[in-house]
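Structure file data-v6.cif with mmCIF, C-alpha atoms and all ligand atoms:
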```cif
data_final
loop_
_atom_site.label_atom_id
_atom_site.label_comp_id
_atom_site.auth_asym_id
_atom_site.auth_seq_id
_atom_site.Cartn_x
_atom_site.Cartn_y
_atom_site.Cartn_z
CA MET A 27 39.43 147.81 128.42
CA GLN A 28 36.93 144.98 128.18
CA ALA A 29 37.05 141.36 127.00
CA LEU A 30 35.07 139.05 124.76
CA ILE A 31 35.54 135.30 124.95
CA LEU A 32 34.47 133.29 121.91
CA ALA A 33 32.89 130.32 123.59
CA GLY A 34 30.22 129.17 121.16
CA GLY A 35 31.88 126.41 119.13
CA LYS A 36 30.46 122.90 119.21
CA GLY A 37 33.75 121.36 120.34
CA THR A 38 33.45 118.58 117.75
CA ARG A 39 37.13 117.58 117.92
CA LEU A 40 36.76 117.12 121.68
CA ARG A 41 33.87 114.68 121.40
CA PRO A 42 32.72 112.67 123.25
CA LEU A 43 33.79 114.90 126.16
CA THR A 44 31.76 117.84 124.81
CA MET A 45 28.51 115.94 124.27
CA HIS A 46 27.18 117.00 127.68
CA THR A 47 29.79 119.58 128.74
CA PRO A 48 30.54 122.52 126.41
CA LYS A 49 34.26 122.98 125.73
CA PRO A 50 34.61 126.31 127.62
CA ILE A 51 33.76 124.61 130.91
CA VAL A 52 35.35 121.17 130.53
CA PRO A 53 37.40 120.90 133.71
CA ILE A 54 41.17 121.24 133.67
CA ALA A 55 42.62 119.95 136.94
CA ASN A 56 39.06 119.93 138.30
CA GLN A 57 38.31 123.59 137.49
CA PRO A 58 36.15 124.83 134.59
CA PHE A 59 38.44 125.84 131.72
CA LEU A 60 37.19 129.44 131.48
CA LEU A 61 38.42 130.16 135.01
CA TYR A 62 41.97 130.02 133.63
CA GLN A 63 41.14 132.64 131.00
CA LEU A 64 39.35 134.83 133.56
CA GLU A 65 42.48 134.67 135.71
CA LEU A 66 44.61 135.89 132.78
CA LEU A 67 42.26 138.83 132.27
CA LYS A 68 42.13 139.72 135.96
CA ARG A 69 45.93 139.86 136.09
CA ALA A 70 45.69 142.65 133.53
CA ASP A 71 42.82 144.18 135.52
CA VAL A 72 40.30 143.46 132.74
CA ARG A 73 37.12 142.67 134.65
CA ASP A 74 34.32 143.38 132.17
CA VAL A 75 33.91 140.16 130.24
CA ILE A 76 31.39 139.25 127.56
CA LEU A 77 30.91 135.54 126.93
CA SER A 78 29.80 134.85 123.40
CA LEU A 79 27.83 131.61 123.41
CA SER A 80 25.90 129.41 121.05
CA TYR A 81 26.33 125.71 122.00
CA GLN A 82 24.68 124.66 125.30
CA PRO A 83 24.72 128.26 126.59
CA HIS A 84 22.66 127.55 129.71
CA LYS A 85 25.26 125.17 131.11
CA ILE A 86 27.91 127.88 130.86
CA GLU A 87 25.64 130.58 132.32
CA GLU A 88 24.70 128.29 135.20
CA LYS A 89 28.35 127.62 136.02
CA LEU A 90 29.67 131.19 135.82
CA GLY A 91 26.61 133.36 136.54
CA ASP A 92 27.28 137.10 136.69
CA GLY A 93 30.94 136.44 137.51
CA SER A 94 30.74 137.80 141.07
CA ASP A 95 32.09 134.51 142.49
CA TYR A 96 35.25 135.15 140.46
CA ASN A 97 35.55 138.92 140.92
CA VAL A 98 34.63 139.75 137.32
CA ARG A 99 31.47 141.12 135.68
CA ILE A 100 30.17 138.69 133.06
CA SER A 101 27.56 139.55 130.46
CA TYR A 102 26.33 137.15 127.80
CA ALA A 103 25.75 137.47 124.06
CA VAL A 104 23.98 134.35 122.84
CA GLU A 105 23.59 133.53 119.14
CA ALA A 106 20.47 131.75 117.94
CA SER A 107 22.67 129.94 115.41
CA PRO A 108 26.50 130.06 115.24
CA LEU A 109 27.70 133.24 113.52
CA GLY A 110 31.39 132.33 113.32
CA THR A 111 34.19 134.00 115.27
CA ALA A 112 33.76 137.54 113.90
CA GLY A 113 29.97 137.25 113.58
CA ALA A 114 29.94 136.49 117.31
CA TYR A 115 31.97 139.66 117.97
CA ARG A 116 29.54 141.72 115.85
CA ASN A 117 26.61 140.10 117.65
CA ALA A 118 27.96 141.55 120.91
CA ALA A 119 28.38 145.07 119.41
CA SER A 120 25.82 146.67 121.73
CA LEU A 121 28.01 145.62 124.68
CA ILE A 122 31.28 146.81 123.11
CA SER A 123 32.37 150.42 123.62
CA LYS A 124 36.09 150.19 124.36
CA THR A 125 39.29 148.50 123.25
CA THR A 126 38.55 144.78 123.56
CA VAL A 127 40.68 141.76 124.37
CA VAL A 128 39.27 138.83 122.38
CA PHE A 129 40.09 135.23 123.33
CA ASN A 130 39.30 132.03 121.52
CA GLY A 131 37.63 130.22 124.41
CA ASP A 132 39.92 127.19 124.20
CA VAL A 133 43.49 128.45 124.48
CA LEU A 134 45.43 127.79 127.67
CA THR A 135 48.39 130.08 128.25
CA ASP A 136 50.02 132.09 131.00
CA ILE A 137 50.90 135.04 128.77
CA ASP A 138 51.12 138.44 130.49
CA MET A 139 48.24 140.39 128.90
CA ASN A 140 49.57 143.63 130.42
CA GLU A 141 52.51 143.36 128.03
CA VAL A 142 50.25 142.74 125.03
CA ILE A 143 48.02 145.68 125.94
CA ARG A 144 51.07 147.95 126.31
CA PHE A 145 52.40 146.74 122.92
CA HIS A 146 49.03 147.50 121.29
CA ARG A 147 48.83 151.00 122.75
CA GLU A 148 52.43 151.94 121.94
CA ARG A 149 51.80 151.15 118.29
CA GLN A 150 48.35 152.72 118.21
CA ALA A 151 47.23 149.58 116.45
CA ALA A 152 43.73 148.97 115.15
CA ALA A 153 44.33 145.29 115.89
CA THR A 154 47.03 143.28 117.64
CA ILE A 155 47.22 139.51 117.31
CA VAL A 156 49.26 137.22 119.54
CA LEU A 157 51.34 134.65 117.67
CA THR A 158 53.09 131.59 118.99
CA PRO A 159 55.51 129.19 117.27
CA VAL A 160 54.36 125.58 116.72
CA PRO A 161 56.10 122.67 114.97
CA ASN A 162 53.22 122.10 112.51
CA PRO A 163 51.04 125.12 111.62
CA THR A 164 48.57 123.23 109.39
CA ALA A 165 45.89 122.95 112.11
CA TYR A 166 46.04 126.70 112.84
CA GLY A 167 46.10 130.13 111.24
CA LEU A 168 49.56 130.81 109.79
CA VAL A 169 50.72 134.41 110.22
CA GLU A 170 53.65 136.01 108.37
CA THR A 171 55.07 139.21 109.82
CA ASP A 172 57.40 141.97 108.73
CA LYS A 173 60.62 141.27 110.64
CA LYS A 174 61.43 145.01 110.87
CA ASP A 175 58.28 146.52 112.41
CA GLY A 176 56.24 143.48 113.52
CA ARG A 177 53.31 144.25 111.24
CA VAL A 178 51.20 141.34 110.04
CA CYS A 179 51.86 140.74 106.32
CA ARG A 180 49.77 137.66 105.60
CA PHE A 181 47.14 135.52 107.36
CA LEU A 182 46.43 132.04 106.03
CA GLU A 183 43.96 129.86 107.95
CA LYS A 184 44.67 126.09 108.02
CA PRO A 185 47.47 126.15 105.40
CA LYS A 186 48.25 123.06 103.34
CA PRO A 187 51.68 121.56 104.13
CA GLU A 188 53.17 123.09 100.97
CA GLU A 189 51.84 126.53 101.97
CA VAL A 190 53.70 126.64 105.29
CA THR A 191 56.26 129.44 105.12
CA CYS A 192 56.99 130.09 108.81
CA ASP A 193 56.23 128.58 112.24
CA THR A 194 54.22 131.42 113.81
CA ILE A 195 50.49 130.87 114.18
CA ASN A 196 47.50 132.78 115.49
CA ALA A 197 47.35 132.05 119.23
CA GLY A 198 43.65 133.01 119.34
CA ILE A 199 44.23 136.22 121.33
CA TYR A 200 43.53 139.65 119.84
CA ILE A 201 43.23 143.24 120.97
CA LEU A 202 40.78 145.13 118.80
CA GLU A 203 39.73 148.76 118.59
CA PRO A 204 35.93 149.16 118.27
CA ARG A 205 36.28 150.29 114.64
CA VAL A 206 37.14 146.70 113.70
CA LEU A 207 33.39 146.03 114.19
CA ASP A 208 32.85 147.93 110.92
CA TYR A 209 34.60 145.13 109.05
CA VAL A 210 31.97 142.59 110.07
CA PRO A 211 28.56 142.41 108.37
CA GLU A 212 25.61 142.25 110.74
CA GLY A 213 23.57 139.11 111.29
CA GLU A 214 25.45 136.72 109.01
CA PRO A 215 28.21 134.18 109.64
CA PHE A 216 31.65 135.76 109.35
CA MET A 217 35.13 134.77 110.48
CA PHE A 218 38.11 136.78 111.71
CA GLU A 219 40.35 134.22 110.10
CA TYR A 220 38.95 134.22 106.56
CA GLY A 221 37.23 137.63 106.47
CA VAL A 222 38.30 140.33 108.92
CA PHE A 223 42.08 139.76 109.07
CA PRO A 224 42.61 139.61 105.29
CA GLN A 225 40.52 142.81 104.98
CA LEU A 226 42.51 144.67 107.65
CA LEU A 227 45.61 143.88 105.58
CA GLU A 228 44.00 144.97 102.33
CA ARG A 229 42.99 148.31 103.86
CA GLU A 230 46.47 148.70 105.35
CA GLU A 231 45.12 149.15 108.88
CA PRO A 232 47.81 149.15 111.60
CA PHE A 233 47.68 145.40 112.38
CA PHE A 234 50.54 144.17 114.58
CA ALA A 235 51.78 140.82 115.88
CA TYR A 236 53.03 140.14 119.40
CA VAL A 237 55.03 136.92 119.55
CA TRP A 238 54.66 134.75 122.67
CA ARG A 239 57.22 132.00 123.22
CA GLY A 240 56.00 130.73 126.59
CA TYR A 241 53.34 128.14 127.44
CA TRP A 242 50.45 127.91 124.97
CA ARG A 243 48.03 125.13 124.02
CA ASP A 244 44.66 124.79 122.26
CA ILE A 245 42.74 122.31 124.43
CA GLY A 246 40.34 121.38 121.63
CA THR A 247 41.32 117.73 120.99
CA ALA A 248 41.25 114.84 123.45
CA SER A 249 45.03 114.37 123.45
CA SER A 250 45.59 118.07 123.95
CA TYR A 251 42.93 118.19 126.70
CA LEU A 252 44.73 115.40 128.55
CA ALA A 253 48.10 117.10 128.07
CA ALA A 254 46.66 120.41 129.36
CA ASN A 255 45.51 118.70 132.56
CA LEU A 256 48.93 117.14 133.10
CA ASP A 257 50.66 120.46 132.33
CA VAL A 258 48.55 122.28 134.95
CA ILE A 259 49.11 119.73 137.72
CA GLY A 260 52.78 119.49 136.73
CA GLY A 261 53.15 123.24 137.31
CA ARG A 262 54.04 124.02 133.67
CA VAL A 263 51.28 126.65 133.47
CA LYS A 264 51.71 129.50 135.93
CA LEU A 265 48.08 130.44 136.44
CA LEU A 266 45.65 128.99 138.99
CA ALA A 267 47.17 126.99 141.81
CA PRO A 268 45.93 123.38 141.51
CA VAL A 269 43.00 122.70 143.87
CA ALA A 270 44.30 121.63 147.29
CA SER A 271 44.87 117.88 147.25
CA GLU A 272 43.95 117.16 150.85
CA ARG A 273 43.31 113.48 151.71
CA GLY A 274 39.62 112.67 151.73
CA GLU A 275 37.92 110.81 154.55
CA LYS A 276 37.20 107.94 152.19
CA PHE A 277 40.81 107.42 151.09
CA ASP A 278 42.18 104.15 152.49
CA ALA A 279 45.43 104.58 154.43
CA THR A 280 47.19 102.30 151.93
CA ALA A 281 45.99 104.26 148.86
CA GLU A 282 48.98 106.00 147.24
CA ILE A 283 48.59 109.38 145.59
CA GLU A 284 51.82 110.28 143.89
CA ALA A 285 52.60 113.98 143.34
CA PRO A 286 51.51 115.94 141.36
CA SER A 287 48.18 114.06 141.17
CA VAL A 288 44.98 115.83 142.20
CA VAL A 289 42.15 113.74 143.70
CA ASP A 290 38.94 115.40 144.83
CA PRO A 291 38.49 114.63 148.54
CA SER A 292 34.85 113.54 148.00
CA SER A 293 36.05 110.43 146.13
CA THR A 294 36.61 106.98 147.59
CA LEU A 295 39.97 105.21 147.19
CA LYS A 296 40.08 101.63 148.46
CA ALA A 297 43.09 99.68 149.73
CA GLY A 298 46.15 99.49 147.49
CA VAL A 299 44.90 102.02 144.93
CA GLN A 300 47.66 103.92 143.09
CA ILE A 301 47.09 107.33 141.52
CA ILE A 302 50.09 108.53 139.51
CA ASN A 303 50.29 111.86 137.63
CA SER A 304 46.50 112.00 137.24
CA VAL A 305 43.39 114.02 137.96
CA VAL A 306 40.43 112.33 139.65
CA SER A 307 37.27 114.41 140.04
CA ARG A 308 34.34 114.39 142.50
CA ASN A 309 32.54 111.33 143.84
CA CYS A 310 34.59 108.71 142.04
CA TYR A 311 34.83 105.22 143.51
CA VAL A 312 38.14 103.48 142.91
CA GLU A 313 38.23 99.88 144.11
CA GLU A 314 41.05 97.77 145.54
CA ARG A 315 44.43 97.83 143.76
CA ALA A 316 43.17 99.83 140.79
CA ARG A 317 45.89 101.98 139.22
CA ILE A 318 45.33 105.29 137.42
CA GLU A 319 48.32 106.77 135.63
CA ASP A 320 48.74 109.86 133.34
CA SER A 321 44.95 110.11 133.07
CA VAL A 322 41.91 112.26 133.77
CA VAL A 323 38.87 110.67 135.41
CA ARG A 324 35.73 112.82 135.54
CA GLY A 325 33.15 112.83 138.34
CA GLY A 326 30.98 109.96 139.51
CA THR A 327 33.01 107.23 137.79
CA ARG A 328 33.59 103.79 139.31
CA ILE A 329 36.76 101.84 138.55
CA GLY A 330 36.73 98.19 139.54
CA ALA A 331 39.29 96.24 141.55
CA GLY A 332 42.58 95.43 139.83
CA SER A 333 41.88 97.64 136.80
CA THR A 334 44.49 99.87 135.17
CA VAL A 335 43.82 103.18 133.41
CA ARG A 336 46.82 104.66 131.59
CA GLY A 337 47.07 107.72 129.32
CA ALA A 338 43.28 107.98 129.08
CA VAL A 339 40.38 110.35 129.60
CA ILE A 340 37.35 108.81 131.29
CA GLY A 341 34.06 110.75 131.16
CA LYS A 342 31.47 111.33 133.90
CA GLY A 343 29.53 108.52 135.51
CA CYS A 344 31.38 105.66 133.77
CA HIS A 345 31.40 102.15 135.11
CA ILE A 346 34.68 100.33 134.53
CA GLY A 347 34.59 96.69 135.65
CA ARG A 348 37.29 94.65 137.41
CA ASN A 349 40.67 93.74 135.92
CA VAL A 350 40.09 96.04 132.95
CA GLU A 351 43.05 97.57 131.10
CA ILE A 352 42.41 100.93 129.53
CA GLY A 353 45.44 102.06 127.54
CA ASP A 354 47.05 105.10 125.94
CA GLY A 355 44.82 107.41 123.93
CA SER A 356 41.51 105.91 125.10
CA VAL A 357 38.69 108.41 125.55
CA LEU A 358 35.43 107.20 127.10
CA GLY A 359 32.27 109.29 126.87
CA ASP A 360 30.02 109.93 129.87
CA LYS A 361 28.23 106.86 131.25
CA SER A 362 30.36 104.35 129.35
CA VAL A 363 30.19 100.82 130.71
CA VAL A 364 33.25 98.59 130.32
CA SER A 365 32.85 94.99 131.37
CA ASP A 366 35.29 92.95 133.49
CA TYR A 367 38.60 91.91 131.86
CA SER A 368 38.12 94.24 128.84
CA GLN A 369 41.21 95.78 127.22
CA THR A 370 41.36 99.02 125.19
CA GLY A 371 44.04 101.23 123.65
N1 LIG A 401 30.28 132.44 119.79
C1 LIG A 401 30.85 131.67 118.86
N2 LIG A 401 30.17 131.46 117.69
N3 LIG A 401 32.05 131.14 119.10
C2 LIG A 401 32.60 130.36 118.14
C3 LIG A 401 31.96 130.10 116.90
C4 LIG A 401 30.67 130.69 116.68
O1 LIG A 401 30.04 130.52 115.64
N4 LIG A 401 32.77 129.30 116.17
C5 LIG A 401 33.87 129.06 116.91
N5 LIG A 401 33.77 129.70 118.11
C6 LIG A 401 34.76 129.72 119.18
C7 LIG A 401 35.11 128.32 119.66
O2 LIG A 401 34.29 127.99 120.78
C8 LIG A 401 36.56 128.46 120.07
O3 LIG A 401 36.71 128.90 121.40
C9 LIG A 401 37.08 129.57 119.16
O4 LIG A 401 35.93 130.24 118.63
C10 LIG A 401 37.96 129.05 118.03
O5 LIG A 401 37.25 128.02 117.33
P1 LIG A 401 37.92 126.61 117.04
O6 LIG A 401 36.92 125.80 116.31
O7 LIG A 401 38.54 126.04 118.26
O8 LIG A 401 39.03 127.04 115.97
P2 LIG A 401 40.43 126.35 115.66
O9 LIG A 401 41.10 125.91 116.89
O10 LIG A 401 40.26 125.36 114.56
O11 LIG A 401 41.23 127.59 115.00
C11 LIG A 401 41.27 128.84 115.65
O12 LIG A 401 42.15 128.83 116.76
C12 LIG A 401 43.55 128.60 116.44
C13 LIG A 401 44.33 128.66 117.75
O13 LIG A 401 43.92 127.65 118.59
C14 LIG A 401 41.70 129.91 114.62
O14 LIG A 401 41.51 131.17 115.20
C15 LIG A 401 43.17 129.71 114.21
O15 LIG A 401 43.57 130.78 113.38
C16 LIG A 401 44.05 129.67 115.45
O16 LIG A 401 45.41 129.40 115.08
MG MG A 402 40.50 125.67 118.88
#
```
Can you turn what I pasted into structure tokens?
Amino acid sequence: MQALILAGGKGTRLRPLTMHTPKPIVPIANQPFLLYQLELLKRADVRDVILSLSYQPHKIEEKLGDGSDYNVRISYAVEASPLGTAGAYRNAASLISKTTVVFNGDVLTDIDMNEVIRFHRERQAAATIVLTPVPNPTAYGLVETDKKDGRVCRFLEKPKPEEVTCDTINAGIYILEPRVLDYVPEGEPFMFEYGVFPQLLEREEPFFAYVWRGYWRDIGTASSYLAANLDVIGGRVKLLAPVASERGEKFDATAEIEAPSVVDPSSTLKAGVQIINSVVSRNCYVEERARIEDSVVRGGTRIGAGSTVRGAVIGKGCHIGRNVEIGDGSVLGDKSVVSDYSQTG
């Protein structure tokens, strides 16, 4: 068993956070996102992992290296230009020799992959796809299944509202036998969603659906990215333990850090600071009486005295002045400068 993680998208819906950090390594609770997916794979003892990259590949390679720091073996398949989800799989063909777990590199879940692998083997499937129910399938791939035997009957990517016939969508997790590679043309853009899956159905390949009703989220929009951070610190995802939230030397004794917040100990918190249900990364500087609530603040950011940040994501190296109010839904790109007394959101 080996794994391929599709980690080459541009992350456009997560801009501006993905301008300088590719989506697969944006931090969730101060840890690069892909570490959560590697943990899922390790729990199923899948340790041979191919990362399929296209956008800012060097940043990802630099962060994860050969995987030895994380007890996995990582190899890389880099596309000169994006080949789409299935084109990326085909591009890695020389590295694929066994049954392969394929992940979209932006889904956060604590699914037990051992169960999915067992399900796949019992049915001798050519392909197994994990489905999950969502309230509105229009942003995803809708999947209809045969209620009797769990076979996939229909796959419809990004359905229009009037095309929605059920609530189960493609969770971006597949198990594929190597013969699925034959369904993908070489060297040209091709998608699982529009090309391979409809063809597997046409050829009546054994294509089965495993339905997961536990935690699942695509982190690919700013609101979902923020929610994923709060879910991890809130213990709603049973995966990596949140990084130890020891008190840093530069935390004033009167600075309050309310559980389950996570503040990197290299940061400075001045007198009267309040951190509530938030993640604060490395080397931030939070001045007197500033309050950060339900938010993510990335590394090297300064927040001035008396300012409030609520329901927001603040990029790296930002400079927020004094008495600023940053409100719900605000997303600031790296190095943003917000002058004193400004109000947003
Ligand atoms: N290597 C590579 N090359 N990776 C790619 C490429 C490419 O050309 N294009 C996309 N990816 C990666 C992205 O980095 C991401 O991890 C994954 O493939 C899925 O792409 P998204 O752009 O995030 O797709 P989506 O969220 O709109 O839809 C997909 O995921 C949904 C679940 O979150 C589809 O698979 C839907 O069917 C599914 O429901
Ligand atoms: Mg996505």
field: Non-local contacts of A:Ser356 (9 Å; all atoms listed in the file; under 5 positions in same chain excluded) as a PyMOL selection string
entry: chain A and resi 336-340+370-371
message: Ranking A:Thr334, A:Ser249, A:Asn255, A:Ser287 by minimum distance to A:Arg39 and counting only C-alpha atoms, which one comes first?
response: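 Checking each candidate against A:Arg39, we get A:Ser249 as the closest.
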- request: All residues within 10 Å of ligand MG 402 (chain A) are required, counting all atoms listed in the file; please report them as a PyMOL selection string.
  value: chain A and resi 35+37+39-40+49+130-133+165-166+197-198+243-247
- line: Judged by all atoms listed in the file, the minimum distance to A:Asn56 among A:Val288, A:Ala112, A:Ile352, A:Leu295 is found for A:Val288
Atom pair atom O9 of ligand LIG 401 (chain A) / atom CA of A:Ile100: separation (Å): 23.3 Å
Centre and edge lengths, as lines of an AutoDock Vina configuration file, for the axis-aligned box enclosing every listed atom of ligand LIG 401 (chain A) with 6 Å of padding on each of the six sides, in Å to one decimal?
```
center_x = 37.7
center_y = 128.9
center_z = 117.4
size_x = 27.4
size_y = 19.1
size_z = 20.0
```
List the neighbours of A:Val104 out to 8 Å using all atoms listed in the file; skip same-chain residues closer than 3 positions along the sequence, and give me the result as a PDB file with C-alpha atoms, in the coordinates of the input.
```pdb
ATOM      1  CA  SER A  78      29.800 134.850 123.400  1.00  0.00           C
ATOM      2  CA  LEU A  79      27.830 131.610 123.410  1.00  0.00           C
ATOM      3  CA  SER A  80      25.900 129.410 121.050  1.00  0.00           C
ATOM      4  CA  PRO A  83      24.720 128.260 126.590  1.00  0.00           C
TER       5      PRO A  83
END
```
- prompt: If you measure from atom O12 of ligand LIG 401 (chain A) to atom CA of A:Asp138, what distance in Å do you get, rounded to one decimal?
  reply: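 Separation between atom O12 of ligand LIG 401 (chain A) and atom CA of A:Asp138: 19.0 Å.
Counting from atom C16 of ligand LIG 401 (chain A), the distance to atom CA of A:Ile86 is 22.4 Å.
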Pull the neighbourhood of (33.4, 126.4, 132.4) for me: all residues within 10 Å in file coordinates, counting all atoms listed in the file, as a PDB file with C-alpha atoms, keeping the file's coordinate frame.
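As written to disk, part-v5.pdb reads:
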```pdb
ATOM      1  CA  ALA A  33      32.890 130.320 123.590  1.00  0.00           C
ATOM      2  CA  THR A  47      29.790 119.580 128.740  1.00  0.00           C
ATOM      3  CA  PRO A  48      30.540 122.520 126.410  1.00  0.00           C
ATOM      4  CA  LYS A  49      34.260 122.980 125.730  1.00  0.00           C
ATOM      5  CA  PRO A  50      34.610 126.310 127.620  1.00  0.00           C
ATOM      6  CA  ILE A  51      33.760 124.610 130.910  1.00  0.00           C
ATOM      7  CA  VAL A  52      35.350 121.170 130.530  1.00  0.00           C
ATOM      8  CA  PRO A  53      37.400 120.900 133.710  1.00  0.00           C
ATOM      9  CA  ILE A  54      41.170 121.240 133.670  1.00  0.00           C
ATOM     10  CA  GLN A  57      38.310 123.590 137.490  1.00  0.00           C
ATOM     11  CA  PRO A  58      36.150 124.830 134.590  1.00  0.00           C
ATOM     12  CA  PHE A  59      38.440 125.840 131.720  1.00  0.00           C
ATOM     13  CA  LEU A  60      37.190 129.440 131.480  1.00  0.00           C
ATOM     14  CA  LEU A  61      38.420 130.160 135.010  1.00  0.00           C
ATOM     15  CA  TYR A  62      41.970 130.020 133.630  1.00  0.00           C
ATOM     16  CA  LYS A  85      25.260 125.170 131.110  1.00  0.00           C
ATOM     17  CA  ILE A  86      27.910 127.880 130.860  1.00  0.00           C
ATOM     18  CA  GLU A  87      25.640 130.580 132.320  1.00  0.00           C
ATOM     19  CA  GLU A  88      24.700 128.290 135.200  1.00  0.00           C
ATOM     20  CA  LYS A  89      28.350 127.620 136.020  1.00  0.00           C
ATOM     21  CA  LEU A  90      29.670 131.190 135.820  1.00  0.00           C
ATOM     22  CA  GLY A 131      37.630 130.220 124.410  1.00  0.00           C
TER      23      GLY A 131
END
```
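Closest to A:Ser293 among A:Leu226, A:Leu30, A:Cys310, A:Met217 is A:Cys310, based on only C-alpha atoms.
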- prompt: Nearest to ligand LIG 401 (chain A) among A:Glu188, A:Glu351, A:Glu282, A:Glu219, with distances taken over only C-alpha atoms and all ligand atoms: which residue is it?
  reply: A:Glu219
Given all atoms listed in the file as the counted atoms, nearest of A:Gln28, A:Thr194, A:Ser120, A:Ser94 to ligand LIG 401 (chain A): A:Thr194
- line: Nearest to ligand LIG 401 (chain A), restricted to only C-alpha atoms and all ligand atoms and choosing among A:Ala29, A:Val169, A:Ile195, A:Val98, comes out as A:Ile195
field: Contacts of A:Asn303 within 7 Å, all atoms listed in the file, excl. fewer than 5 positions in-chain, as a ChimeraX atom specification
entry: /A:284-287,319-320
Can you patch up stretch 137-149 of chain A, filling it in to N, CA, C and O atoms, and show the result as a PDB file, in the frame of the given file?
```pdb
ATOM      1  N   ILE A 137      50.383 133.779 129.317  1.00  0.00           N
ATOM      2  CA  ILE A 137      50.900 135.040 128.770  1.00  0.00           C
ATOM      3  C   ILE A 137      50.525 136.235 129.662  1.00  0.00           C
ATOM      4  O   ILE A 137      49.455 136.230 130.287  1.00  0.00           O
ATOM      5  N   ASP A 138      51.403 137.228 129.714  1.00  0.00           N
ATOM      6  CA  ASP A 138      51.120 138.440 130.490  1.00  0.00           C
ATOM      7  C   ASP A 138      50.354 139.412 129.569  1.00  0.00           C
ATOM      8  O   ASP A 138      50.947 140.042 128.693  1.00  0.00           O
ATOM      9  N   MET A 139      49.046 139.528 129.777  1.00  0.00           N
ATOM     10  CA  MET A 139      48.240 140.390 128.900  1.00  0.00           C
ATOM     11  C   MET A 139      48.584 141.862 129.084  1.00  0.00           C
ATOM     12  O   MET A 139      48.354 142.666 128.186  1.00  0.00           O
ATOM     13  N   ASN A 140      49.149 142.237 130.248  1.00  0.00           N
ATOM     14  CA  ASN A 140      49.570 143.630 130.420  1.00  0.00           C
ATOM     15  C   ASN A 140      50.572 144.031 129.337  1.00  0.00           C
ATOM     16  O   ASN A 140      50.519 145.132 128.794  1.00  0.00           O
ATOM     17  N   GLU A 141      51.487 143.102 129.042  1.00  0.00           N
ATOM     18  CA  GLU A 141      52.510 143.360 128.030  1.00  0.00           C
ATOM     19  C   GLU A 141      51.872 143.528 126.649  1.00  0.00           C
ATOM     20  O   GLU A 141      52.275 144.374 125.860  1.00  0.00           O
ATOM     21  N   VAL A 142      50.886 142.682 126.354  1.00  0.00           N
ATOM     22  CA  VAL A 142      50.250 142.740 125.030  1.00  0.00           C
ATOM     23  C   VAL A 142      49.471 144.049 124.893  1.00  0.00           C
ATOM     24  O   VAL A 142      49.509 144.710 123.844  1.00  0.00           O
ATOM     25  N   ILE A 143      48.805 144.441 125.971  1.00  0.00           N
ATOM     26  CA  ILE A 143      48.020 145.680 125.940  1.00  0.00           C
ATOM     27  C   ILE A 143      48.958 146.877 125.748  1.00  0.00           C
ATOM     28  O   ILE A 143      48.688 147.777 124.935  1.00  0.00           O
ATOM     29  N   ARG A 144      50.100 146.853 126.451  1.00  0.00           N
ATOM     30  CA  ARG A 144      51.070 147.950 126.310  1.00  0.00           C
ATOM     31  C   ARG A 144      51.589 148.015 124.856  1.00  0.00           C
ATOM     32  O   ARG A 144      51.656 149.084 124.248  1.00  0.00           O
ATOM     33  N   PHE A 145      51.909 146.844 124.312  1.00  0.00           N
ATOM     34  CA  PHE A 145      52.400 146.740 122.920  1.00  0.00           C
ATOM     35  C   PHE A 145      51.384 147.357 121.955  1.00  0.00           C
ATOM     36  O   PHE A 145      51.726 148.149 121.078  1.00  0.00           O
ATOM     37  N   HIS A 146      50.115 147.004 122.155  1.00  0.00           N
ATOM     38  CA  HIS A 146      49.030 147.500 121.290  1.00  0.00           C
ATOM     39  C   HIS A 146      48.936 149.023 121.361  1.00  0.00           C
ATOM     40  O   HIS A 146      48.847 149.712 120.342  1.00  0.00           O
ATOM     41  N   ARG A 147      48.990 149.547 122.578  1.00  0.00           N
ATOM     42  CA  ARG A 147      48.830 151.000 122.750  1.00  0.00           C
ATOM     43  C   ARG A 147      50.006 151.762 122.185  1.00  0.00           C
ATOM     44  O   ARG A 147      49.832 152.790 121.519  1.00  0.00           O
ATOM     45  N   GLU A 148      51.231 151.240 122.436  1.00  0.00           N
ATOM     46  CA  GLU A 148      52.430 151.940 121.940  1.00  0.00           C
ATOM     47  C   GLU A 148      52.381 152.100 120.427  1.00  0.00           C
ATOM     48  O   GLU A 148      52.830 153.094 119.879  1.00  0.00           O
ATOM     49  N   ARG A 149      51.832 151.100 119.756  1.00  0.00           N
ATOM     50  CA  ARG A 149      51.800 151.150 118.290  1.00  0.00           C
ATOM     51  C   ARG A 149      50.534 151.796 117.743  1.00  0.00           C
ATOM     52  O   ARG A 149      50.370 151.910 116.536  1.00  0.00           O
TER      53      ARG A 149
END
```
